[in-house]
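A quick write-up on the structure given underneath.
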Amino acid sequence: MTRKPTHPGCVFLEDVMKPIGLTVTEAAYMLGVSRKALSEFINEKSSLSPDMALRISKATNTSVESWMNMQQKLTIWNARNHEPDNVIPFPLPVAYEG
């Protein structure tokens, strides 16, 4: 099993907010989101939404795709670690020999 990907909220907190000394209140104001929404995100209680990714990308001059890729990797990792055991594979189609 591979290492769990880092939550994008942790990346935003450690690599953006802390180095420039932003509080949650200040960063939320600058992003145009509620303090609660940002707090839940940086405390890994909520996933990164496309809207928040766009706001962060505009505020940090980074790509929205880079932020969404972080979330996608984490989401897929979580899904793979909770794979359902009741899935039955579809039968393969019979090849037509005409």
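FYI, nothing fancy with the structure tokens labels: chains A, B, ... in order, residues from 1 per chain, ligands from 1 as they appear.
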
Residues flagged alpha helix (DSSP H) by DSSP in chain A, as a ChimeraX atom specification: /A:8-12,18-20,24-31,35-42,50-60,64-80

Neighbour list for Glu40 (chain A) as a list in words, cut-off 12 Å, only C-alpha atoms, skip fewer than 5 positions in-chain: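 Close residues of Glu40 (chain A): His7, Pro8, Gly9, Cys10, Leu13, Val24, Ala28, Val33, Ser34, Arg35, Lys45, Ser46, Ser47, Leu48, Ser49 and Met52 of chain A.
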
Within 9 Å of Trp67 (chain A) using only C-alpha atoms, minus same-chain residues under 6 positions, as a VMD selection string: chain A and resid 8 48 50 53 to 54 56 to 57

d(CA of Arg55 (chain A), CA of Gly32 (chain A)) in Å: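 These atoms are spaced 7.9 Å apart.
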
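In this structure, CA of Ile42 (chain A) sits 9.3 Å away from CA of Glu14 (chain A).
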
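Here CA of Met68 (chain A) and CA of Leu38 (chain A) stand 15.9 Å from one another.
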